[in-house]
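S.K.: Please find one structure pasted underneath; my questions will follow.
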Amino acid sequence: MLKINKLRAEHVLDFAAEELKKYLRMMMPECGDIEIAYAPETKDGFRLGLLEDFGLPFEGEDPELDDVIHVDTDTNGGILAGSNPRSVLFSVYRFLRENGCRWLYPGVDGEYVPMRDIEPISYHKLADHRFRGHCNEGAEYQQCMLETIDFYAKQELNVYMLEFRIPFSYYNSYYNHLNNEMNRPPEPVSTQQVLQWKRQCEAEIAKRGLQFHDMGHGWTADPYGMDTSDRRKWRQGTIKLPEECRKYIALRNGVRELYRSDPQWTNPCMSQPIVRSIMADAVVAYAKNHQNVDFLHVWLADGTRNHCECEECVKMRPSDWYMMIMNEIDEKLEKEGLQTRIVFIAYVDTLWGPEKIAIKNPKRFSLLYAPITRSYCFSFREDSVLPEPIPYERNAWKRPGSAEENQALLNGWFDLWKGDNFCYEYHFWRHQVRDPGGLYIARRIYEDIRALKYMNLRGIVEDGSQRSFFPNGFAIYIYAETLMNRDCDFEAVKEDYFSHIYGEDWQTAVRLLERIGQTFDYEFTSGQKSKNPEISKYYDPDRVEQLESIRELAALERSLVAKHMAMPDRPKTVSWRLLGYHATYIELFAEMLIAKAKGHDFEAKE
């Protein structure tokens, strides 16, 4: 009888043992029960522990942050080890994966578990990137959140971030069905409910030992008395700017007013010592009360070109004032004896690094590079020739669009910043929607990740939808695999994924998806090929015939689906049927773009 023995009492190892037992019993339904025990001295069965428990070396820099997966097993058990508890969980999933298991989508419909005897496995890998993860974004519902936390851990992604103190706007967008009220009646949720759901997500993140990254935006509003838990009320004018808060916010065009009626989009007047102190105190209070947070993100406002123009603020770049706040946060955290790691962000106005102020204690901090203005028609590359950085002009800077322009600005940060760096990317935000075939954005992700080592970046956290699996999840799959192993072969991973979701006819399905993507043309759907941008970013009457051919491709898709309605395992049945919905989707998407290409914008909007 198989046994699972834990070499140390640790809650993530408890979960890892239960996961191993569950999938072994699914693989071998007649293997009998599998005993789990705490047995640090044992030499038999599956043994779960840290590298040090087995006398194995650690080749990374920080065992808490750097994941090493070690598998050395035979048919009766063996070593499943890692550099930290979550790496032990990853070693369990890697062992199962090497024995044929696949997790292809979130939830049970995405699980492929073969019925077979286990085989000996030898595997050892230090993850090529320290930060590999996802941040919530878009219209969220709780079951999807819980399933993606579980799914991403199975993909060996080690970071999950929950943005905002209370991510009410994301949940409200889904449950109130704000753009779909005719088909789905609103299901109102409260801020209290969403806060409870956030804590539930935190518990699931902790169960797997993932790095928990928290917050982001909000520090420019809530500490000063502007509650942003329900941003909708501010934008609707239900909540007005309290007069006592006005003195804290940025002076623009001679007045201190909210930017777009939203405190979350409004920057503070950072040259005021009291403004910096209030924010620093709020960060320290949050860190003290939320010591489960591994990395606390302290970002400025979400708006662009909206920094203070008072006579003091204009004396330095926003990034310099921002670094002053970071230093004050560090001093106050030190006084409280808190080891909380802080993440600051190079984003919109702060893509331009500081010129005068450096962080005094870089060990506490990480730089998050967020190139939201970049074009996804091109990848970051090792051999890029970088231009001179775009000059910074307060509230009037030119948008850096190309990968090279963005990379040149990133390099400017390294004059005064020598600490840890990682990337905050947007492939799964709106950009994936512009690629209905899904293969173009997957290739872009793969190339972007391979360029990280040349950009002095140690990984990515993706800002994007949790529902990034239509018509399939290959983009997430290649994302996770390349972050773990940057030298993985794109075509080999593609074959592995698609053969598991479509079976023997996977190549036929992939070729059709590639044709669909080419017909839509990512550069066109990104607004880069308009014949007259003054009419529309999508104006191109000559493209109408090409877009009309989508109807033929949708018909081909339906004919393929009809032949694969009942497949031998659940993921394949689900995947083929998803293509049936996808056929309808691409027809409707093409119909809208045809109207745009003709210049019929009202018809396109309808």
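Quick note on naming: the chains in the structure tokens go A, B, ... in the order shown, residues restart at 1 in each chain, and ligands are numbered from 1 in order of appearance.
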For region 266-278 of chain A, list every protein, DNA or RNA residue within 7 Å, evaluated using only C-alpha atoms, and leave out those in the same chain fewer than 2 positions away; present the list as a VMD selection string.

M.R.: chain A and resid 220 223 248 to 250 258 to 259 262 to 264 280 to 282 300 to 301 303 306 to 308 312 to 313 321 325

S.K.: Please provide the set of residues having any atom within 12 Å of region 501-512 of chain A, restricted to only C-alpha atoms, with same-chain residues fewer than 5 positions apart removed, written as a short mmCIF file (atom, residue, chain, number, x, y, z; two decimals) with N, CA, C and O atoms, in the first residue's frame.

M.R.:
data_model
loop_
_atom_site.label_atom_id
_atom_site.label_comp_id
_atom_site.auth_asym_id
_atom_site.auth_seq_id
_atom_site.Cartn_x
_atom_site.Cartn_y
_atom_site.Cartn_z
N ARG A 102 -2.78 16.56 -16.31
CA ARG A 102 -2.76 17.92 -16.84
C ARG A 102 -3.90 18.72 -16.23
O ARG A 102 -5.00 18.20 -16.02
N TRP A 103 -3.62 20.00 -15.98
CA TRP A 103 -4.66 20.94 -15.57
C TRP A 103 -4.74 21.98 -16.67
O TRP A 103 -3.84 22.80 -16.86
N LEU A 104 -5.82 21.96 -17.42
CA LEU A 104 -5.92 22.67 -18.69
C LEU A 104 -6.80 23.91 -18.62
O LEU A 104 -6.64 24.84 -19.41
N TYR A 105 -7.74 23.90 -17.69
CA TYR A 105 -8.59 25.05 -17.37
C TYR A 105 -8.81 25.04 -15.86
O TYR A 105 -8.66 24.00 -15.22
N ASP A 109 -13.62 20.59 -14.87
CA ASP A 109 -13.72 20.32 -16.31
C ASP A 109 -12.37 20.44 -17.02
O ASP A 109 -12.23 19.98 -18.15
N GLY A 110 -11.41 21.06 -16.35
CA GLY A 110 -10.09 21.20 -16.96
C GLY A 110 -9.08 20.17 -16.51
O GLY A 110 -7.91 20.23 -16.90
N GLU A 111 -9.52 19.20 -15.71
CA GLU A 111 -8.58 18.20 -15.18
C GLU A 111 -8.52 16.97 -16.08
O GLU A 111 -9.55 16.33 -16.33
N TYR A 112 -7.32 16.65 -16.53
CA TYR A 112 -7.10 15.40 -17.24
C TYR A 112 -6.23 14.52 -16.35
O TYR A 112 -5.05 14.83 -16.08
N PRO A 436 -8.89 37.04 -31.22
CA PRO A 436 -9.89 35.98 -31.05
C PRO A 436 -9.36 34.57 -31.31
O PRO A 436 -9.93 33.60 -30.82
N GLY A 437 -8.26 34.44 -32.05
CA GLY A 437 -7.68 33.11 -32.27
C GLY A 437 -6.85 32.64 -31.09
O GLY A 437 -6.68 31.43 -30.89
N GLY A 438 -6.27 33.57 -30.34
CA GLY A 438 -5.52 33.25 -29.13
C GLY A 438 -4.07 32.88 -29.32
O GLY A 438 -3.31 32.87 -28.35
N LEU A 439 -3.64 32.58 -30.54
CA LEU A 439 -2.25 32.12 -30.76
C LEU A 439 -1.27 33.28 -30.86
O LEU A 439 -0.10 33.16 -30.49
N TYR A 440 -1.75 34.42 -31.37
CA TYR A 440 -0.87 35.59 -31.52
C TYR A 440 -0.42 36.09 -30.15
O TYR A 440 0.77 36.30 -29.91
N PHE A 469 -9.83 31.95 -20.60
CA PHE A 469 -9.76 30.57 -21.10
C PHE A 469 -10.79 30.32 -22.20
O PHE A 469 -11.38 29.26 -22.29
N PRO A 471 -11.16 30.73 -26.45
CA PRO A 471 -11.77 29.40 -26.47
C PRO A 471 -10.93 28.32 -25.78
O PRO A 471 -11.34 27.18 -25.70
N ASN A 472 -9.73 28.70 -25.28
CA ASN A 472 -8.90 27.72 -24.56
C ASN A 472 -7.93 28.48 -23.67
O ASN A 472 -7.89 29.72 -23.69
N GLY A 473 -7.14 27.76 -22.90
CA GLY A 473 -6.22 28.39 -21.96
C GLY A 473 -4.77 28.31 -22.35
O GLY A 473 -3.89 28.40 -21.48
N PHE A 474 -4.47 28.19 -23.63
CA PHE A 474 -3.08 28.00 -24.02
C PHE A 474 -2.20 29.20 -23.64
O PHE A 474 -1.04 29.03 -23.23
N GLU A 491 6.70 25.34 -29.55
CA GLU A 491 5.93 24.37 -30.34
C GLU A 491 5.66 23.09 -29.56
O GLU A 491 4.59 22.49 -29.68
N LYS A 494 2.93 23.87 -27.13
CA LYS A 494 1.67 23.99 -27.89
C LYS A 494 1.10 22.62 -28.21
O LYS A 494 -0.10 22.37 -28.02
N GLU A 495 1.94 21.71 -28.65
CA GLU A 495 1.47 20.36 -28.94
C GLU A 495 0.95 19.67 -27.68
O GLU A 495 -0.09 19.02 -27.71
N ASP A 496 1.69 19.83 -26.59
CA ASP A 496 1.27 19.20 -25.34
C ASP A 496 -0.11 19.70 -24.93
O ASP A 496 -1.00 18.90 -24.59
N GLY A 517 -7.23 34.06 -36.26
CA GLY A 517 -6.43 35.16 -35.76
C GLY A 517 -5.84 36.01 -36.88
O GLY A 517 -5.83 37.24 -36.81
N GLN A 518 -5.34 35.36 -37.93
CA GLN A 518 -4.76 36.10 -39.06
C GLN A 518 -5.80 36.91 -39.81
O GLN A 518 -5.52 38.01 -40.30
N THR A 519 -7.01 36.39 -39.89
CA THR A 519 -8.06 37.09 -40.61
C THR A 519 -8.49 38.35 -39.86
O THR A 519 -8.70 39.40 -40.46
N ILE A 550 -14.86 35.66 -42.13
CA ILE A 550 -14.96 35.03 -40.81
C ILE A 550 -16.18 34.12 -40.75
O ILE A 550 -16.17 33.08 -40.07
N GLU A 552 -17.27 32.11 -43.00
CA GLU A 552 -16.88 30.81 -43.53
C GLU A 552 -16.04 30.04 -42.49
O GLU A 552 -16.20 28.82 -42.32
N LEU A 553 -15.16 30.77 -41.81
CA LEU A 553 -14.34 30.12 -40.80
C LEU A 553 -15.20 29.65 -39.62
O LEU A 553 -14.95 28.59 -39.04
N ALA A 554 -16.22 30.43 -39.27
CA ALA A 554 -17.13 30.01 -38.21
C ALA A 554 -17.89 28.75 -38.61
O ALA A 554 -18.12 27.85 -37.79
N ALA A 555 -18.27 28.67 -39.89
CA ALA A 555 -18.96 27.47 -40.37
C ALA A 555 -18.05 26.25 -40.30
O ALA A 555 -18.48 25.14 -39.92
N LEU A 556 -16.76 26.43 -40.65
CA LEU A 556 -15.79 25.35 -40.53
C LEU A 556 -15.65 24.91 -39.07
O LEU A 556 -15.56 23.72 -38.76
N GLU A 557 -15.63 25.89 -38.18
CA GLU A 557 -15.50 25.60 -36.76
C GLU A 557 -16.68 24.74 -36.29
O GLU A 557 -16.51 23.75 -35.59
N ARG A 558 -17.88 25.11 -36.71
CA ARG A 558 -19.07 24.35 -36.30
C ARG A 558 -19.05 22.93 -36.86
O ARG A 558 -19.47 21.98 -36.20
N SER A 559 -18.56 22.80 -38.09
CA SER A 559 -18.51 21.45 -38.67
C SER A 559 -17.53 20.57 -37.93
O SER A 559 -17.76 19.37 -37.75
N LEU A 560 -16.43 21.15 -37.47
CA LEU A 560 -15.47 20.39 -36.67
C LEU A 560 -16.09 19.99 -35.33
O LEU A 560 -15.93 18.86 -34.86
N VAL A 561 -16.78 20.93 -34.72
CA VAL A 561 -17.39 20.66 -33.42
C VAL A 561 -18.40 19.52 -33.52
O VAL A 561 -18.46 18.64 -32.65
N LYS A 563 -18.34 16.95 -35.21
CA LYS A 563 -17.69 15.65 -35.27
C LYS A 563 -17.05 15.24 -33.92
O LYS A 563 -16.56 14.13 -33.79
N HIS A 564 -17.04 16.18 -32.97
CA HIS A 564 -16.32 15.92 -31.72
C HIS A 564 -17.17 16.26 -30.50
O HIS A 564 -16.64 16.69 -29.46
N MET A 565 -18.45 16.06 -30.58
CA MET A 565 -19.33 16.43 -29.49
C MET A 565 -19.18 15.53 -28.26
O MET A 565 -19.42 15.95 -27.14
N ALA A 566 -18.83 14.28 -28.50
CA ALA A 566 -18.67 13.32 -27.40
C ALA A 566 -17.27 12.74 -27.46
O ALA A 566 -16.97 11.89 -28.30
N MET A 567 -16.40 13.21 -26.57
CA MET A 567 -15.00 12.79 -26.57
C MET A 567 -14.73 11.86 -25.40
O MET A 567 -15.53 11.77 -24.46
N PRO A 568 -13.60 11.16 -25.42
CA PRO A 568 -13.35 10.13 -24.39
C PRO A 568 -13.10 10.68 -22.99
O PRO A 568 -13.18 9.93 -22.03
N ASP A 569 -12.75 11.97 -22.85
CA ASP A 569 -12.57 12.52 -21.51
C ASP A 569 -13.15 13.93 -21.47
O ASP A 569 -13.37 14.58 -22.49
N ARG A 570 -13.42 14.38 -20.26
CA ARG A 570 -14.16 15.62 -20.05
C ARG A 570 -13.48 16.86 -20.65
O ARG A 570 -14.15 17.67 -21.30
N PRO A 571 -12.17 17.10 -20.45
CA PRO A 571 -11.58 18.31 -21.01
C PRO A 571 -11.73 18.41 -22.53
O PRO A 571 -11.94 19.51 -23.05
N LYS A 572 -11.65 17.29 -23.24
CA LYS A 572 -11.81 17.35 -24.69
C LYS A 572 -13.25 17.66 -25.09
O LYS A 572 -13.50 18.46 -26.01
N THR A 573 -14.21 17.06 -24.40
CA THR A 573 -15.61 17.36 -24.69
C THR A 573 -15.89 18.85 -24.46
O THR A 573 -16.49 19.52 -25.31
N VAL A 574 -15.43 19.37 -23.34
CA VAL A 574 -15.65 20.78 -23.03
C VAL A 574 -14.95 21.67 -24.06
O VAL A 574 -15.51 22.66 -24.53
N SER A 575 -13.73 21.33 -24.41
CA SER A 575 -12.93 22.17 -25.31
C SER A 575 -13.56 22.27 -26.69
O SER A 575 -13.62 23.36 -27.29
N TRP A 576 -14.00 21.13 -27.23
CA TRP A 576 -14.64 21.18 -28.55
C TRP A 576 -15.95 21.95 -28.50
O TRP A 576 -16.26 22.73 -29.41
N ARG A 577 -16.72 21.77 -27.44
CA ARG A 577 -17.99 22.49 -27.36
C ARG A 577 -17.78 23.99 -27.17
O ARG A 577 -18.59 24.80 -27.65
N LEU A 578 -16.70 24.36 -26.50
CA LEU A 578 -16.37 25.78 -26.41
C LEU A 578 -16.15 26.38 -27.80
O LEU A 578 -16.49 27.53 -28.04
N LEU A 579 -15.58 25.60 -28.70
CA LEU A 579 -15.38 26.10 -30.07
C LEU A 579 -16.71 26.39 -30.75
O LEU A 579 -16.79 27.24 -31.64
N GLY A 580 -17.77 25.67 -30.37
CA GLY A 580 -19.09 25.97 -30.91
C GLY A 580 -19.55 27.36 -30.50
O GLY A 580 -20.07 28.13 -31.32
N HIS A 582 -17.50 29.67 -29.61
CA HIS A 582 -16.51 30.57 -30.22
C HIS A 582 -16.91 30.94 -31.63
O HIS A 582 -16.70 32.08 -32.07
N ALA A 583 -17.50 30.00 -32.37
CA ALA A 583 -17.94 30.29 -33.74
C ALA A 583 -18.95 31.44 -33.75
O ALA A 583 -18.88 32.36 -34.58
#

S.K.: Taking the DSSP secondary structure from the backbone, can you list the residues of region 85-316 of chain A that are strand (DSSP E), as an MDAnalysis selection string?

M.R.: chainID A and resid 102:103 111:112 121:126 131:135 159:163 211:216 295:298

S.K.: Show me, as a ChimeraX atom specification, the residues that have an atom within 9 Å of Ser87 (chain A) when counting only C-alpha atoms, minus same-chain residues fewer than 4 positions from it.

M.R.: /A:50,66-70,81-83,91-92,156,158,209

S.K.: Could you turn the residues from that selection into a file that holds all heavy atoms, as a tab-separated table (two decimals), in the first residue's frame?

M.R.:
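Final output, result28.tsv:
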chain	number	residue	atom	x	y	z
A	50	LEU	N	11.30	19.91	2.91
A	50	LEU	CA	12.15	20.92	2.30
A	50	LEU	C	13.47	20.30	1.85
A	50	LEU	O	13.85	19.22	2.33
A	50	LEU	CB	12.42	22.06	3.27
A	50	LEU	CG	11.20	22.82	3.81
A	50	LEU	CD1	11.64	24.04	4.61
A	50	LEU	CD2	10.26	23.23	2.69
A	66	ASP	N	12.72	32.08	-3.91
A	66	ASP	CA	13.12	31.36	-5.12
A	66	ASP	C	12.68	29.89	-5.01
A	66	ASP	O	13.05	29.19	-4.07
A	66	ASP	CB	14.64	31.44	-5.30
A	66	ASP	CG	15.11	32.87	-5.49
A	66	ASP	OD1	14.36	33.66	-6.09
A	66	ASP	OD2	16.21	33.20	-5.02
A	67	ASP	N	11.93	29.46	-6.01
A	67	ASP	CA	11.36	28.11	-5.97
A	67	ASP	C	12.27	27.10	-6.64
A	67	ASP	O	12.63	27.24	-7.81
A	67	ASP	CB	10.00	28.10	-6.70
A	67	ASP	CG	8.95	28.92	-5.97
A	67	ASP	OD1	8.90	28.84	-4.74
A	67	ASP	OD2	8.20	29.66	-6.64
A	68	VAL	N	12.64	26.07	-5.87
A	68	VAL	CA	13.34	24.90	-6.40
A	68	VAL	C	12.41	23.70	-6.24
A	68	VAL	O	11.92	23.45	-5.13
A	68	VAL	CB	14.67	24.64	-5.69
A	68	VAL	CG1	15.28	23.33	-6.17
A	68	VAL	CG2	15.64	25.79	-5.91
A	69	ILE	N	12.19	22.98	-7.32
A	69	ILE	CA	11.35	21.79	-7.31
A	69	ILE	C	12.26	20.57	-7.48
A	69	ILE	O	13.06	20.52	-8.42
A	69	ILE	CB	10.31	21.84	-8.45
A	69	ILE	CG1	9.38	23.04	-8.27
A	69	ILE	CG2	9.51	20.54	-8.52
A	69	ILE	CD1	8.46	23.27	-9.45
A	70	HIS	N	12.11	19.59	-6.59
A	70	HIS	CA	12.94	18.38	-6.67
A	70	HIS	C	12.04	17.15	-6.55
A	70	HIS	O	11.30	16.99	-5.58
A	70	HIS	CB	13.98	18.38	-5.54
A	70	HIS	CG	14.89	17.19	-5.57
A	70	HIS	ND1	16.06	17.19	-6.29
A	70	HIS	CD2	14.79	15.97	-4.99
A	70	HIS	CE1	16.66	16.02	-6.14
A	70	HIS	NE2	15.90	15.25	-5.37
A	81	ALA	N	10.43	17.30	-2.84
A	81	ALA	CA	11.02	18.34	-2.00
A	81	ALA	C	11.00	19.69	-2.70
A	81	ALA	O	10.86	19.79	-3.93
A	81	ALA	CB	12.46	17.96	-1.64
A	82	GLY	N	11.18	20.73	-1.90
A	82	GLY	CA	11.24	22.08	-2.45
A	82	GLY	C	12.01	23.00	-1.52
A	82	GLY	O	12.31	22.66	-0.37
A	83	SER	N	12.31	24.18	-2.03
A	83	SER	CA	13.08	25.15	-1.26
A	83	SER	C	12.24	25.84	-0.20
A	83	SER	O	12.78	26.46	0.73
A	83	SER	CB	13.68	26.20	-2.20
A	83	SER	OG	12.69	26.70	-3.10
A	91	SER	N	6.25	20.46	-6.33
A	91	SER	CA	6.91	19.18	-6.65
A	91	SER	C	5.88	18.07	-6.77
A	91	SER	O	6.03	17.16	-7.59
A	91	SER	CB	7.96	18.84	-5.59
A	91	SER	OG	7.38	18.38	-4.39
A	92	VAL	N	4.81	18.14	-5.95
A	92	VAL	CA	3.72	17.17	-6.07
A	92	VAL	C	3.05	17.30	-7.44
A	92	VAL	O	2.84	16.30	-8.14
A	92	VAL	CB	2.69	17.37	-4.94
A	92	VAL	CG1	1.39	16.61	-5.22
A	92	VAL	CG2	3.29	16.93	-3.60
A	156	GLU	N	2.29	26.05	-11.25
A	156	GLU	CA	3.54	26.47	-10.62
A	156	GLU	C	3.74	27.98	-10.66
A	156	GLU	O	4.87	28.48	-10.62
A	156	GLU	CB	4.74	25.73	-11.23
A	156	GLU	CG	4.65	24.23	-11.09
A	156	GLU	CD	5.60	23.45	-11.98
A	156	GLU	OE1	6.29	24.08	-12.81
A	156	GLU	OE2	5.66	22.22	-11.83
A	158	ASN	N	3.59	31.30	-8.62
A	158	ASN	CA	3.80	31.42	-7.17
A	158	ASN	C	3.28	32.71	-6.56
A	158	ASN	O	3.43	32.93	-5.36
A	158	ASN	CB	5.30	31.26	-6.85
A	158	ASN	CG	6.15	32.40	-7.39
A	158	ASN	OD1	5.70	33.20	-8.21
A	158	ASN	ND2	7.39	32.47	-6.95
A	209	GLY	N	0.58	28.36	0.11
A	209	GLY	CA	1.88	28.96	0.37
A	209	GLY	C	2.32	29.95	-0.69
A	209	GLY	O	3.51	30.27	-0.78
